[in-house]
$ cat model-v7.pdb   # PDB, C-alpha atoms
MODEL        1
ATOM      1  CA  MET A 290      18.456  22.155  42.859
ATOM      2  CA  ASN A 291      16.784  21.470  39.501
ATOM      3  CA  SER A 292      18.866  21.893  36.375
ATOM      4  CA  PRO A 293      18.302  25.209  34.572
ATOM      5  CA  LEU A 294      17.259  25.416  30.957
ATOM      6  CA  ILE A 295      20.348  27.418  29.977
ATOM      7  CA  SER A 296      23.936  27.335  31.218
ATOM      8  CA  ILE A 297      25.751  30.589  30.457
ATOM      9  CA  CYS A 298      29.490  29.975  30.027
ATOM     10  CA  ILE A 299      31.835  32.958  30.227
ATOM     11  CA  ALA A 300      35.499  32.532  29.310
ATOM     12  CA  ALA A 301      37.601  35.165  31.092
ATOM     13  CA  TYR A 302      41.221  36.201  30.716
ATOM     14  CA  LYS A 303      42.430  39.506  32.217
ATOM     15  CA  ALA A 304      38.760  40.417  32.162
ATOM     16  CA  GLU A 305      38.320  42.837  35.063
ATOM     17  CA  LYS A 306      38.053  45.905  32.807
ATOM     18  CA  TYR A 307      34.993  44.520  31.012
ATOM     19  CA  LEU A 308      33.437  41.818  33.176
ATOM     20  CA  GLU A 309      31.190  43.962  35.388
ATOM     21  CA  ALA A 310      29.361  45.352  32.344
ATOM     22  CA  THR A 311      29.078  41.858  30.856
ATOM     23  CA  LEU A 312      27.589  40.477  34.072
ATOM     24  CA  ARG A 313      25.071  43.345  34.178
ATOM     25  CA  THR A 314      23.720  42.242  30.810
ATOM     26  CA  VAL A 315      23.270  38.723  32.190
ATOM     27  CA  PHE A 316      21.413  40.191  35.168
ATOM     28  CA  SER A 317      19.205  42.220  32.783
ATOM     29  CA  GLN A 318      17.961  39.234  30.773
ATOM     30  CA  ASN A 319      14.173  38.952  30.647
ATOM     31  CA  PHE A 320      14.567  35.146  30.826
ATOM     32  CA  ASN A 321      15.814  33.918  34.204
ATOM     33  CA  ASP A 322      16.009  30.100  34.131
ATOM     34  CA  TRP A 323      19.788  30.015  33.820
ATOM     35  CA  GLU A 324      23.003  29.236  35.660
ATOM     36  CA  LEU A 325      26.259  31.110  35.195
ATOM     37  CA  ILE A 326      29.701  29.520  34.912
ATOM     38  CA  VAL A 327      32.724  31.823  34.709
ATOM     39  CA  THR A 328      36.084  30.218  33.942
ATOM     40  CA  GLU A 329      39.193  32.341  34.423
ATOM     41  CA  ASP A 330      42.084  31.181  32.278
ATOM     42  CA  GLY A 331      45.173  31.621  34.421
ATOM     43  CA  SER A 332      44.978  35.375  34.901
ATOM     44  CA  SER A 333      44.873  36.938  38.330
ATOM     45  CA  ASP A 334      42.841  40.110  38.707
ATOM     46  CA  ARG A 335      39.440  41.028  40.190
ATOM     47  CA  THR A 336      37.459  38.533  38.094
ATOM     48  CA  GLU A 337      36.756  36.185  41.015
ATOM     49  CA  GLU A 338      35.712  39.126  43.201
ATOM     50  CA  PHE A 339      33.261  40.379  40.569
ATOM     51  CA  VAL A 340      31.762  36.900  40.114
ATOM     52  CA  LYS A 341      31.278  36.417  43.861
ATOM     53  CA  GLU A 342      29.649  39.845  44.166
ATOM     54  CA  PHE A 343      27.342  38.958  41.293
ATOM     55  CA  ALA A 344      26.433  35.644  42.942
ATOM     56  CA  GLN A 345      25.177  37.542  45.993
ATOM     57  CA  LYS A 346      22.748  39.533  43.833
ATOM     58  CA  VAL A 347      20.995  36.702  41.991
ATOM     59  CA  PRO A 348      19.078  33.560  43.040
ATOM     60  CA  GLN A 349      20.541  31.536  40.187
ATOM     61  CA  ARG A 350      23.461  29.153  40.542
ATOM     62  CA  VAL A 351      26.804  30.894  39.897
ATOM     63  CA  ILE A 352      30.092  28.959  39.560
ATOM     64  CA  TYR A 353      33.617  30.340  39.370
ATOM     65  CA  ASN A 354      36.368  28.112  37.948
ATOM     66  CA  ARG A 355      40.000  28.992  37.416
ATOM     67  CA  HIS A 356      42.850  27.445  35.457
ATOM     68  CA  GLU A 357      46.089  27.838  37.388
ATOM     69  CA  HIS A 358      47.946  28.378  34.126
ATOM     70  CA  ASN A 359      46.770  29.924  30.861
ATOM     71  CA  ARG A 360      45.435  27.145  28.652
ATOM     72  CA  GLY A 361      43.788  29.106  25.860
ATOM     73  CA  LEU A 362      40.235  29.860  24.834
ATOM     74  CA  PRO A 363      39.158  26.384  23.616
ATOM     75  CA  ALA A 364      40.194  24.742  26.906
ATOM     76  CA  THR A 365      38.499  27.512  28.893
ATOM     77  CA  ARG A 366      35.246  27.036  27.018
ATOM     78  CA  ASN A 367      35.499  23.273  27.476
ATOM     79  CA  THR A 368      35.987  23.659  31.244
ATOM     80  CA  GLY A 369      32.825  25.744  31.423
ATOM     81  CA  ILE A 370      30.902  23.203  29.363
ATOM     82  CA  ALA A 371      32.028  20.370  31.650
ATOM     83  CA  ALA A 372      30.511  22.172  34.655
ATOM     84  CA  ALA A 373      27.226  22.978  32.891
ATOM     85  CA  THR A 374      23.952  21.243  33.732
ATOM     86  CA  GLY A 375      21.539  23.096  31.443
ATOM     87  CA  GLU A 376      19.820  21.737  28.358
ATOM     88  CA  TRP A 377      21.355  24.576  26.352
ATOM     89  CA  ILE A 378      24.750  26.255  26.662
ATOM     90  CA  ALA A 379      24.987  29.940  25.792
ATOM     91  CA  PHE A 380      28.476  31.326  25.264
ATOM     92  CA  LEU A 381      29.454  34.819  26.327
ATOM     93  CA  ASP A 382      32.956  36.261  26.118
ATOM     94  CA  ALA A 383      33.929  38.400  29.094
ATOM     95  CA  ASP A 384      34.116  41.582  27.007
ATOM     96  CA  ASP A 385      30.845  41.199  25.094
ATOM     97  CA  LEU A 386      27.293  42.208  25.980
ATOM     98  CA  TRP A 387      23.728  41.010  25.435
ATOM     99  CA  LYS A 388      20.533  42.922  24.868
ATOM    100  CA  PRO A 389      17.846  42.053  27.465
ATOM    101  CA  ASP A 390      15.914  39.781  25.088
ATOM    102  CA  HIS A 391      18.921  37.804  23.857
ATOM    103  CA  LEU A 392      18.224  34.507  25.633
ATOM    104  CA  SER A 393      14.459  34.699  25.190
ATOM    105  CA  ALA A 394      14.852  35.282  21.444
ATOM    106  CA  LEU A 395      17.149  32.267  21.099
ATOM    107  CA  LEU A 396      14.723  30.099  23.071
ATOM    108  CA  SER A 397      11.769  31.242  20.973
ATOM    109  CA  THR A 398      13.619  30.016  17.890
ATOM    110  CA  SER A 399      14.326  26.661  19.552
ATOM    111  CA  GLN A 400      10.588  26.151  20.022
ATOM    112  CA  ILE A 401       9.880  26.603  16.314
ATOM    113  CA  GLU A 402      12.243  23.995  14.887
ATOM    114  CA  ASP A 403      14.496  21.315  16.316
ATOM    115  CA  CYS A 404      18.164  22.227  15.955
ATOM    116  CA  ASP A 405      21.602  21.825  17.497
ATOM    117  CA  MET A 406      22.631  25.481  17.573
ATOM    118  CA  ILE A 407      20.969  28.893  17.426
ATOM    119  CA  TYR A 408      22.710  32.203  16.856
ATOM    120  CA  ALA A 409      21.780  35.867  16.878
ATOM    121  CA  GLY A 410      23.207  38.686  14.810
ATOM    122  CA  SER A 411      25.861  40.905  16.399
ATOM    123  CA  VAL A 412      26.279  44.652  16.471
ATOM    124  CA  GLN A 413      29.928  45.717  16.609
ATOM    125  CA  TYR A 414      31.011  48.860  18.480
ATOM    126  CA  ASP A 415      34.345  50.568  18.960
ATOM    127  CA  ASP A 416      35.018  50.194  22.668
ATOM    128  CA  ALA A 417      36.882  53.503  23.024
ATOM    129  CA  THR A 418      34.307  55.747  21.333
ATOM    130  CA  TRP A 419      31.201  53.517  21.387
ATOM    131  CA  THR A 420      30.796  54.217  17.675
ATOM    132  CA  LYS A 421      28.778  51.615  15.816
ATOM    133  CA  LEU A 422      31.061  49.868  13.327
ATOM    134  CA  SER A 423      28.942  47.178  11.698
ATOM    135  CA  THR A 424      26.148  44.659  12.047
ATOM    136  CA  ARG A 425      27.007  41.012  11.506
ATOM    137  CA  ALA A 426      23.830  39.238  10.503
ATOM    138  CA  PRO A 427      23.066  36.717   7.761
ATOM    139  CA  SER A 428      21.685  37.788   4.399
ATOM    140  CA  ASP A 429      18.954  35.795   2.698
ATOM    141  CA  GLN A 430      21.623  34.088   0.594
ATOM    142  CA  ASP A 431      23.630  33.215   3.720
ATOM    143  CA  LEU A 432      20.590  31.500   5.203
ATOM    144  CA  ILE A 433      20.073  29.507   1.995
ATOM    145  CA  ASP A 434      23.687  28.346   1.856
ATOM    146  CA  LEU A 435      25.015  28.548   5.415
ATOM    147  CA  PRO A 436      28.031  26.216   4.958
ATOM    148  CA  VAL A 437      29.445  28.359   2.141
ATOM    149  CA  ALA A 438      28.678  31.602   3.996
ATOM    150  CA  ILE A 439      30.665  30.479   7.052
ATOM    151  CA  TYR A 440      33.427  28.782   5.068
ATOM    152  CA  THR A 441      34.157  31.829   2.926
ATOM    153  CA  GLY A 442      33.927  34.260   5.848
ATOM    154  CA  ARG A 443      30.982  36.006   4.237
ATOM    155  CA  LEU A 444      29.122  35.409   7.498
ATOM    156  CA  SER A 445      30.886  35.710  10.850
ATOM    157  CA  ILE A 446      28.950  34.137  13.732
ATOM    158  CA  MET A 447      30.269  35.543  17.005
ATOM    159  CA  SER A 448      30.693  33.074  19.867
ATOM    160  CA  SER A 449      28.778  35.332  22.253
ATOM    161  CA  SER A 450      25.738  35.166  19.982
ATOM    162  CA  VAL A 451      25.500  31.361  20.086
ATOM    163  CA  MET A 452      23.548  28.797  22.079
ATOM    164  CA  VAL A 453      24.217  25.060  21.568
ATOM    165  CA  LYS A 454      22.415  22.018  22.971
ATOM    166  CA  ARG A 455      24.511  20.294  25.612
ATOM    167  CA  GLU A 456      23.643  16.908  24.098
ATOM    168  CA  SER A 457      24.845  18.185  20.714
ATOM    169  CA  ILE A 458      28.198  19.166  22.204
ATOM    170  CA  LYS A 459      28.532  15.613  23.507
ATOM    171  CA  LYS A 460      27.812  14.399  19.979
ATOM    172  CA  PHE A 461      30.084  16.799  18.061
ATOM    173  CA  GLY A 462      32.893  16.969  20.596
ATOM    174  CA  PRO A 463      34.653  19.796  22.451
ATOM    175  CA  PHE A 464      36.218  22.959  21.051
ATOM    176  CA  SER A 465      39.546  22.170  19.404
ATOM    177  CA  PRO A 466      42.828  23.402  20.960
ATOM    178  CA  GLU A 467      44.317  23.290  17.446
ATOM    179  CA  PHE A 468      42.610  26.627  16.776
ATOM    180  CA  PRO A 469      43.134  28.959  19.760
ATOM    181  CA  ILE A 470      41.737  31.987  17.903
ATOM    182  CA  CYS A 471      39.279  30.675  15.293
ATOM    183  CA  ASN A 472      37.930  27.680  17.228
ATOM    184  CA  ASN A 473      34.402  29.046  16.942
ATOM    185  CA  THR A 474      34.407  28.983  13.121
ATOM    186  CA  GLU A 475      35.833  25.456  13.117
ATOM    187  CA  TYR A 476      33.107  24.348  15.519
ATOM    188  CA  TRP A 477      30.236  25.804  13.479
ATOM    189  CA  LEU A 478      31.603  24.063  10.362
ATOM    190  CA  ARG A 479      32.034  20.826  12.306
ATOM    191  CA  ILE A 480      28.406  20.878  13.419
ATOM    192  CA  LEU A 481      27.142  21.442   9.883
ATOM    193  CA  SER A 482      29.527  18.932   8.264
ATOM    194  CA  LYS A 483      28.360  16.218  10.673
ATOM    195  CA  GLY A 484      24.713  16.800   9.848
ATOM    196  CA  GLY A 485      23.806  19.241  12.615
ATOM    197  CA  ARG A 486      21.231  22.019  12.232
ATOM    198  CA  ILE A 487      21.970  25.687  12.883
ATOM    199  CA  LEU A 488      19.231  28.333  13.018
ATOM    200  CA  TYR A 489      19.229  32.135  13.104
ATOM    201  CA  SER A 490      17.065  33.827  15.724
ATOM    202  CA  GLY A 491      16.166  36.680  13.370
ATOM    203  CA  THR A 492      17.362  39.224  15.943
ATOM    204  CA  ASN A 493      20.633  41.105  16.462
ATOM    205  CA  THR A 494      20.923  40.844  20.238
ATOM    206  CA  CYS A 495      24.668  40.401  20.766
ATOM    207  CA  ILE A 496      26.956  43.425  21.239
ATOM    208  CA  TYR A 497      30.579  42.895  20.269
ATOM    209  CA  ARG A 498      33.128  45.325  21.700
ATOM    210  CA  GLN A 499      36.046  45.893  19.343
ATOM    211  CA  HIS A 500      39.187  46.805  21.261
ATOM    212  CA  SER A 501      42.933  46.559  20.749
ATOM    213  CA  GLY A 502      43.373  43.770  23.286
ATOM    214  CA  GLY A 503      40.958  41.389  21.582
ATOM    215  CA  LEU A 504      42.027  38.175  19.924
ATOM    216  CA  SER A 505      40.821  39.549  16.599
ATOM    217  CA  SER A 506      43.840  41.882  16.560
ATOM    218  CA  LYS A 507      46.157  38.894  15.932
ATOM    219  CA  THR A 508      45.651  39.135  12.195
ATOM    220  CA  THR A 509      48.390  36.889  10.840
ATOM    221  CA  ALA A 510      47.653  34.114  13.314
ATOM    222  CA  SER A 511      43.921  34.403  12.594
ATOM    223  CA  LEU A 512      44.464  34.125   8.841
ATOM    224  CA  SER A 513      46.782  31.163   9.316
ATOM    225  CA  GLU A 514      44.196  29.351  11.432
ATOM    226  CA  SER A 515      41.456  30.214   8.938
ATOM    227  CA  ALA A 516      43.556  28.703   6.157
ATOM    228  CA  ARG A 517      44.047  25.483   8.128
ATOM    229  CA  ILE A 518      40.314  25.296   8.882
ATOM    230  CA  CYS A 519      39.468  25.743   5.207
ATOM    231  CA  GLU A 520      41.974  23.018   4.358
ATOM    232  CA  ARG A 521      40.335  20.694   6.876
ATOM    233  CA  TYR A 522      36.879  21.150   5.285
ATOM    234  CA  ARG A 523      38.073  21.604   1.689
ATOM    235  CA  ASN A 524      36.716  18.234   0.530
ATOM    236  CA  TRP A 525      33.313  18.593   2.220
ATOM    237  CA  ASP A 526      30.697  18.187  -0.498
ATOM    238  CA  ALA A 527      28.685  21.169   0.786
ATOM    239  CA  ILE A 528      31.496  23.449  -0.388
ATOM    240  CA  PRO A 529      31.898  23.706  -4.191
ATOM    241  CA  HIS A 530      35.375  22.614  -5.266
ATOM    242  CA  LEU A 531      36.337  25.906  -6.914
ATOM    243  CA  ILE A 532      35.282  27.928  -3.858
ATOM    244  CA  ALA A 533      37.174  25.605  -1.493
ATOM    245  CA  ARG A 534      40.337  25.666  -3.582
ATOM    246  CA  THR A 535      40.292  29.429  -4.153
ATOM    247  CA  ARG A 536      39.475  30.320  -0.545
ATOM    248  CA  THR A 537      42.119  28.040   0.977
ATOM    249  CA  ALA A 538      44.872  29.062  -1.437
ATOM    250  CA  SER A 539      44.035  32.760  -1.016
ATOM    251  CA  LEU A 540      44.248  32.580   2.778
ATOM    252  CA  TYR A 541      47.638  30.896   2.651
ATOM    253  CA  ARG A 542      48.801  33.514   0.122
ATOM    254  CA  TRP A 543      47.659  36.376   2.401
ATOM    255  CA  VAL A 544      49.578  34.883   5.305
ATOM    256  CA  GLY A 545      52.682  34.629   3.140
ATOM    257  CA  ARG A 546      52.316  38.219   1.953
ATOM    258  CA  MET A 547      52.003  39.501   5.535
ATOM    259  CA  LEU A 548      55.131  37.608   6.630
ATOM    260  CA  LEU A 549      57.211  38.388   3.570
ATOM    261  CA  ASP A 550      58.936  41.643   4.539
ATOM    262  CA  ASP A 551      59.876  40.752   8.102
ATOM    263  CA  SER A 552      60.409  37.016   7.801
ATOM    264  CA  PRO A 553      60.777  35.660   4.250
ATOM    265  CA  SER A 554      61.759  32.220   5.557
ATOM    266  CA  GLU A 555      58.450  31.957   7.457
ATOM    267  CA  ALA A 556      56.572  33.269   4.417
ATOM    268  CA  LEU A 557      57.767  30.380   2.261
ATOM    269  CA  LYS A 558      55.739  27.723   4.085
ATOM    270  CA  PRO A 559      52.236  29.231   3.635
ATOM    271  CA  LEU A 560      53.138  30.243   0.063
ATOM    272  CA  CYS A 561      54.131  26.656  -0.683
ATOM    273  CA  HIS A 562      50.805  25.483   0.763
ATOM    274  CA  SER A 563      49.037  27.947  -1.519
ATOM    275  CA  LEU A 564      50.936  26.726  -4.576
ATOM    276  CA  ARG A 565      50.173  23.111  -3.677
ATOM    277  CA  ILE A 566      46.471  23.954  -3.924
ATOM    278  CA  GLN A 567      46.707  26.403  -6.866
ATOM    279  CA  PRO A 568      50.000  25.569  -8.603
ATOM    280  CA  LEU A 569      49.848  28.167 -11.387
ATOM    281  CA  ASN A 570      48.505  31.204  -9.541
ATOM    282  CA  PRO A 571      50.692  34.089 -10.783
ATOM    283  CA  LYS A 572      50.260  36.200  -7.625
ATOM    284  CA  THR A 573      51.414  33.363  -5.415
ATOM    285  CA  LEU A 574      54.290  32.481  -7.732
ATOM    286  CA  GLY A 575      55.473  36.102  -7.604
ATOM    287  CA  LEU A 576      55.354  36.215  -3.809
ATOM    288  CA  TRP A 577      57.111  32.844  -3.542
ATOM    289  CA  ALA A 578      59.888  34.079  -5.839
ATOM    290  CA  ARG A 579      60.347  37.211  -3.720
ATOM    291  CA  ALA A 580      60.449  35.179  -0.501
ATOM    292  CA  PHE A 581      62.891  32.685  -1.990
ATOM    293  CA  PHE A 582      65.137  35.480  -3.294
ATOM    294  CA  HIS A 583      65.163  37.308   0.063
ATOM    295  CA  GLN A 584      65.921  34.086   1.918
ATOM    296  CA  SER A 585      68.736  33.173  -0.488
ATOM    297  CA  SER A 586      70.202  36.671  -0.162
ATOM    298  CA  LYS A 587      70.248  36.379   3.627
ATOM    299  CA  HIS A 588      72.097  33.072   3.407
ATOM    300  CA  ARG A 589      74.682  34.553   1.024
ATOM    301  CA  HIS A 590      75.275  37.577   3.298
ATOM    302  CA  ALA A 591      75.523  35.331   6.351
ATOM    303  CA  ALA A 592      78.148  33.242   4.597
TER     304      ALA A 592
ENDMDL
END
$ encode --input "model-v7.pdb" --output "structure tokens"
Amino acid sequence: MNSPLISICIAAYKAEKYLEATLRTVFSQNFNDWELIVTEDGSSDRTEEFVKEFAQKVPQRVIYNRHEHNRGLPATRNTGIAAATGEWIAFLDADDLWKPDHLSALLSTSQIEDCDMIYAGSVQYDDATWTKLSTRAPSDQDLIDLPVAIYTGRLSIMSSSVMVKRESIKKFGPFSPEFPICNNTEYWLRILSKGGRILYSGTNTCIYRQHSGGLSSKTTASLSESARICERYRNWDAIPHLIARTRTASLYRWVGRMLLDDSPSEALKPLCHSLRIQPLNPKTLGLWARAFFHQSSKHRHAA
């Protein structure tokens, strides 16, 4: 069998509630030179059954992989990538959807300019009510200064909107297990910081379903990972020094503020990181003093 142009990689964990709808949007694509690779990350539900039923309906190659134990999203994506044979790899989370022209729009962009990655805009809906919440697409300024837009969080590129060259993944490396939640943002920054090219398709063809079980609900952990990512790329010359310092210190401060009431001892570490980057920030100093006081009080009471 000849290799397809696109390998679609779906990462699945406890996905049976959403996967059938996601697979229908793959079936509905108006571009059909693809293969599908679904990797289940240690869960045990009807995911395999749905994938096998789907395989009976399409002529394309369909692969089901399963981790025996939960290994996290980066490892699940990397397992899918390892099984892929296509020139391009399109990512699709098991609870997201595509409009019928999603793949064709990405490919049209790839034929205009050479690049390592192409992304579409995303339309976000509330899963319970199907109310439209927002559209995540780049502004003109974001397109002019993409590194800063991604670094500051001004632009959020959803994983399910992205297609990356398989050869580029070999060049830039796999998704990092250091960032189980925000690995996508780290990867986009890694591509750009190593000289890769990222293009926007000009279309908003990805549908993101916001629901309580999504990884995005883990706010404190997400902010903590975002802070560590910003620290990693803080000295990249594409990011102005003041923006890098302010963004990184602010993220650490937000993490500390969120931890302060329930766990002042845990709040001290991110607040100290923030003060290391911005030593005289009065907001951070105030939060650090509160955390230190609460922690000292607990020790006195315990004694």
$ closest_residue --input "model-v7.pdb" --among "A:Asp526, A:Asp385, A:Asp330, A:Asp322" --to "Asn367 of chain A" --atoms "all atoms listed in the file"
A:Asp330
$ resolve_selection --input "model-v7.pdb" --expression "the PyMOL selection byres ((chain A and resi 475) around 10)" --output "ChimeraX atom specification"
/A:439-440,464-465,467-468,471-474,476-480,514-515,517-519,521-522
$ write_last_selection --input "model-v7.pdb" --atoms "C-alpha atoms" --output "PDB file, keeping the file's coordinate frame"
ATOM      1  CA  ILE A 439      30.665  30.479   7.052  1.00  0.00           C
ATOM      2  CA  TYR A 440      33.427  28.782   5.068  1.00  0.00           C
ATOM      3  CA  PHE A 464      36.218  22.959  21.051  1.00  0.00           C
ATOM      4  CA  SER A 465      39.546  22.170  19.404  1.00  0.00           C
ATOM      5  CA  GLU A 467      44.317  23.290  17.446  1.00  0.00           C
ATOM      6  CA  PHE A 468      42.610  26.627  16.776  1.00  0.00           C
ATOM      7  CA  CYS A 471      39.279  30.675  15.293  1.00  0.00           C
ATOM      8  CA  ASN A 472      37.930  27.680  17.228  1.00  0.00           C
ATOM      9  CA  ASN A 473      34.402  29.046  16.942  1.00  0.00           C
ATOM     10  CA  THR A 474      34.407  28.983  13.121  1.00  0.00           C
ATOM     11  CA  TYR A 476      33.107  24.348  15.519  1.00  0.00           C
ATOM     12  CA  TRP A 477      30.236  25.804  13.479  1.00  0.00           C
ATOM     13  CA  LEU A 478      31.603  24.063  10.362  1.00  0.00           C
ATOM     14  CA  ARG A 479      32.034  20.826  12.306  1.00  0.00           C
ATOM     15  CA  ILE A 480      28.406  20.878  13.419  1.00  0.00           C
ATOM     16  CA  GLU A 514      44.196  29.351  11.432  1.00  0.00           C
ATOM     17  CA  SER A 515      41.456  30.214   8.938  1.00  0.00           C
ATOM     18  CA  ARG A 517      44.047  25.483   8.128  1.00  0.00           C
ATOM     19  CA  ILE A 518      40.314  25.296   8.882  1.00  0.00           C
ATOM     20  CA  CYS A 519      39.468  25.743   5.207  1.00  0.00           C
ATOM     21  CA  ARG A 521      40.335  20.694   6.876  1.00  0.00           C
ATOM     22  CA  TYR A 522      36.879  21.150   5.285  1.00  0.00           C
TER      23      TYR A 522
END
$ atom_distance --input "model-v7.pdb" --atom1 "atom CA of Lys303 of chain A" --atom2 "atom CA of Met406 of chain A"
28.3 Å
$ residues_near_point --input "model-v7.pdb" --point "(53.6, 39.1, 5.3)" --cutoff "12 Å" --atoms "only C-alpha atoms" --output "PyMOL selection string"
chain A and resi 508-510+512-513+540-560+576-577+579-580
$ write_last_selection --input "model-v7.pdb" --atoms "C-alpha atoms" --output "CSV table (one decimal), in the coordinates of the input"
chain,number,residue,atom,x,y,z
A,508,THR,CA,45.7,39.1,12.2
A,509,THR,CA,48.4,36.9,10.8
A,510,ALA,CA,47.7,34.1,13.3
A,512,LEU,CA,44.5,34.1,8.8
A,513,SER,CA,46.8,31.2,9.3
A,540,LEU,CA,44.2,32.6,2.8
A,541,TYR,CA,47.6,30.9,2.7
A,542,ARG,CA,48.8,33.5,0.1
A,543,TRP,CA,47.7,36.4,2.4
A,544,VAL,CA,49.6,34.9,5.3
A,545,GLY,CA,52.7,34.6,3.1
A,546,ARG,CA,52.3,38.2,2.0
A,547,MET,CA,52.0,39.5,5.5
A,548,LEU,CA,55.1,37.6,6.6
A,549,LEU,CA,57.2,38.4,3.6
A,550,ASP,CA,58.9,41.6,4.5
A,551,ASP,CA,59.9,40.8,8.1
A,552,SER,CA,60.4,37.0,7.8
A,553,PRO,CA,60.8,35.7,4.2
A,554,SER,CA,61.8,32.2,5.6
A,555,GLU,CA,58.4,32.0,7.5
A,556,ALA,CA,56.6,33.3,4.4
A,557,LEU,CA,57.8,30.4,2.3
A,558,LYS,CA,55.7,27.7,4.1
A,559,PRO,CA,52.2,29.2,3.6
A,560,LEU,CA,53.1,30.2,0.1
A,576,LEU,CA,55.4,36.2,-3.8
A,577,TRP,CA,57.1,32.8,-3.5
A,579,ARG,CA,60.3,37.2,-3.7
A,580,ALA,CA,60.4,35.2,-0.5
$ residues_around --input "model-v7.pdb" --residues "segment 415-419 of chain A" --least-positions-apart "2" --cutoff "10 Å" --atoms "all atoms listed in the file" --output "NGL selection string"
:A and (384 or 413 or 421-423 or 497-501)
$ closest_atom_pairs --input "model-v7.pdb" --of "segment 340-401 of chain A" --to "segment 306-318 of chain A" --cutoff "6 Å" --atoms "all atoms listed in the file" --output "Markdown table"
| residue | atom | partner | partner_atom | distance |
| --- | --- | --- | --- | --- |
| A:Ala383 | CA | A:Leu308 | CA | 5.3 |
| A:Asp384 | CA | A:Tyr307 | CA | 5.0 |
| A:Leu386 | CA | A:Thr311 | CA | 5.2 |
| A:Trp387 | CA | A:Thr314 | CA | 5.5 |
| A:Pro389 | CA | A:Gln318 | CA | 4.3 |
$ atom_distance --input "model-v7.pdb" --atom1 "atom CA of Tyr302 of chain A" --atom2 "atom CA of Thr368 of chain A"
13.6 Å
$ closest_residue --input "model-v7.pdb" --among "A:Leu325, A:Cys404, A:Ala538, A:Cys298" --to "Gly484 of chain A" --atoms "all atoms listed in the file"
A:Cys404
$ resolve_selection --input "model-v7.pdb" --expression "the PyMOL selection byres ((chain A and resi 334-340) around 8)" --output "JSON, numbers by chain"
{"A": [301, 303, 304, 305, 308, 309, 327, 329, 332, 333, 341, 342, 343, 344, 351, 353]}
$ closest_residue --input "model-v7.pdb" --among "A:Lys572, A:Arg425, A:His356, A:Lys346" --to "Gly491 of chain A" --atoms "all atoms listed in the file"
A:Arg425
$ resolve_selection --input "model-v7.pdb" --expression "the PyMOL selection byres ((chain A and resi 450-462) around 8)" --output "list in words"
Ile370, Gly375, Glu376, Trp377, Ile378, Ala379, Phe380, Leu381, Leu395, Asp405, Met406, Ile407, Tyr408, Ala409, Gly410, Ser411, Ile446, Met447, Ser448, Ser449, Pro463, Phe464, Arg479, Ile480, Lys483, Thr494 and Cys495 of chain A
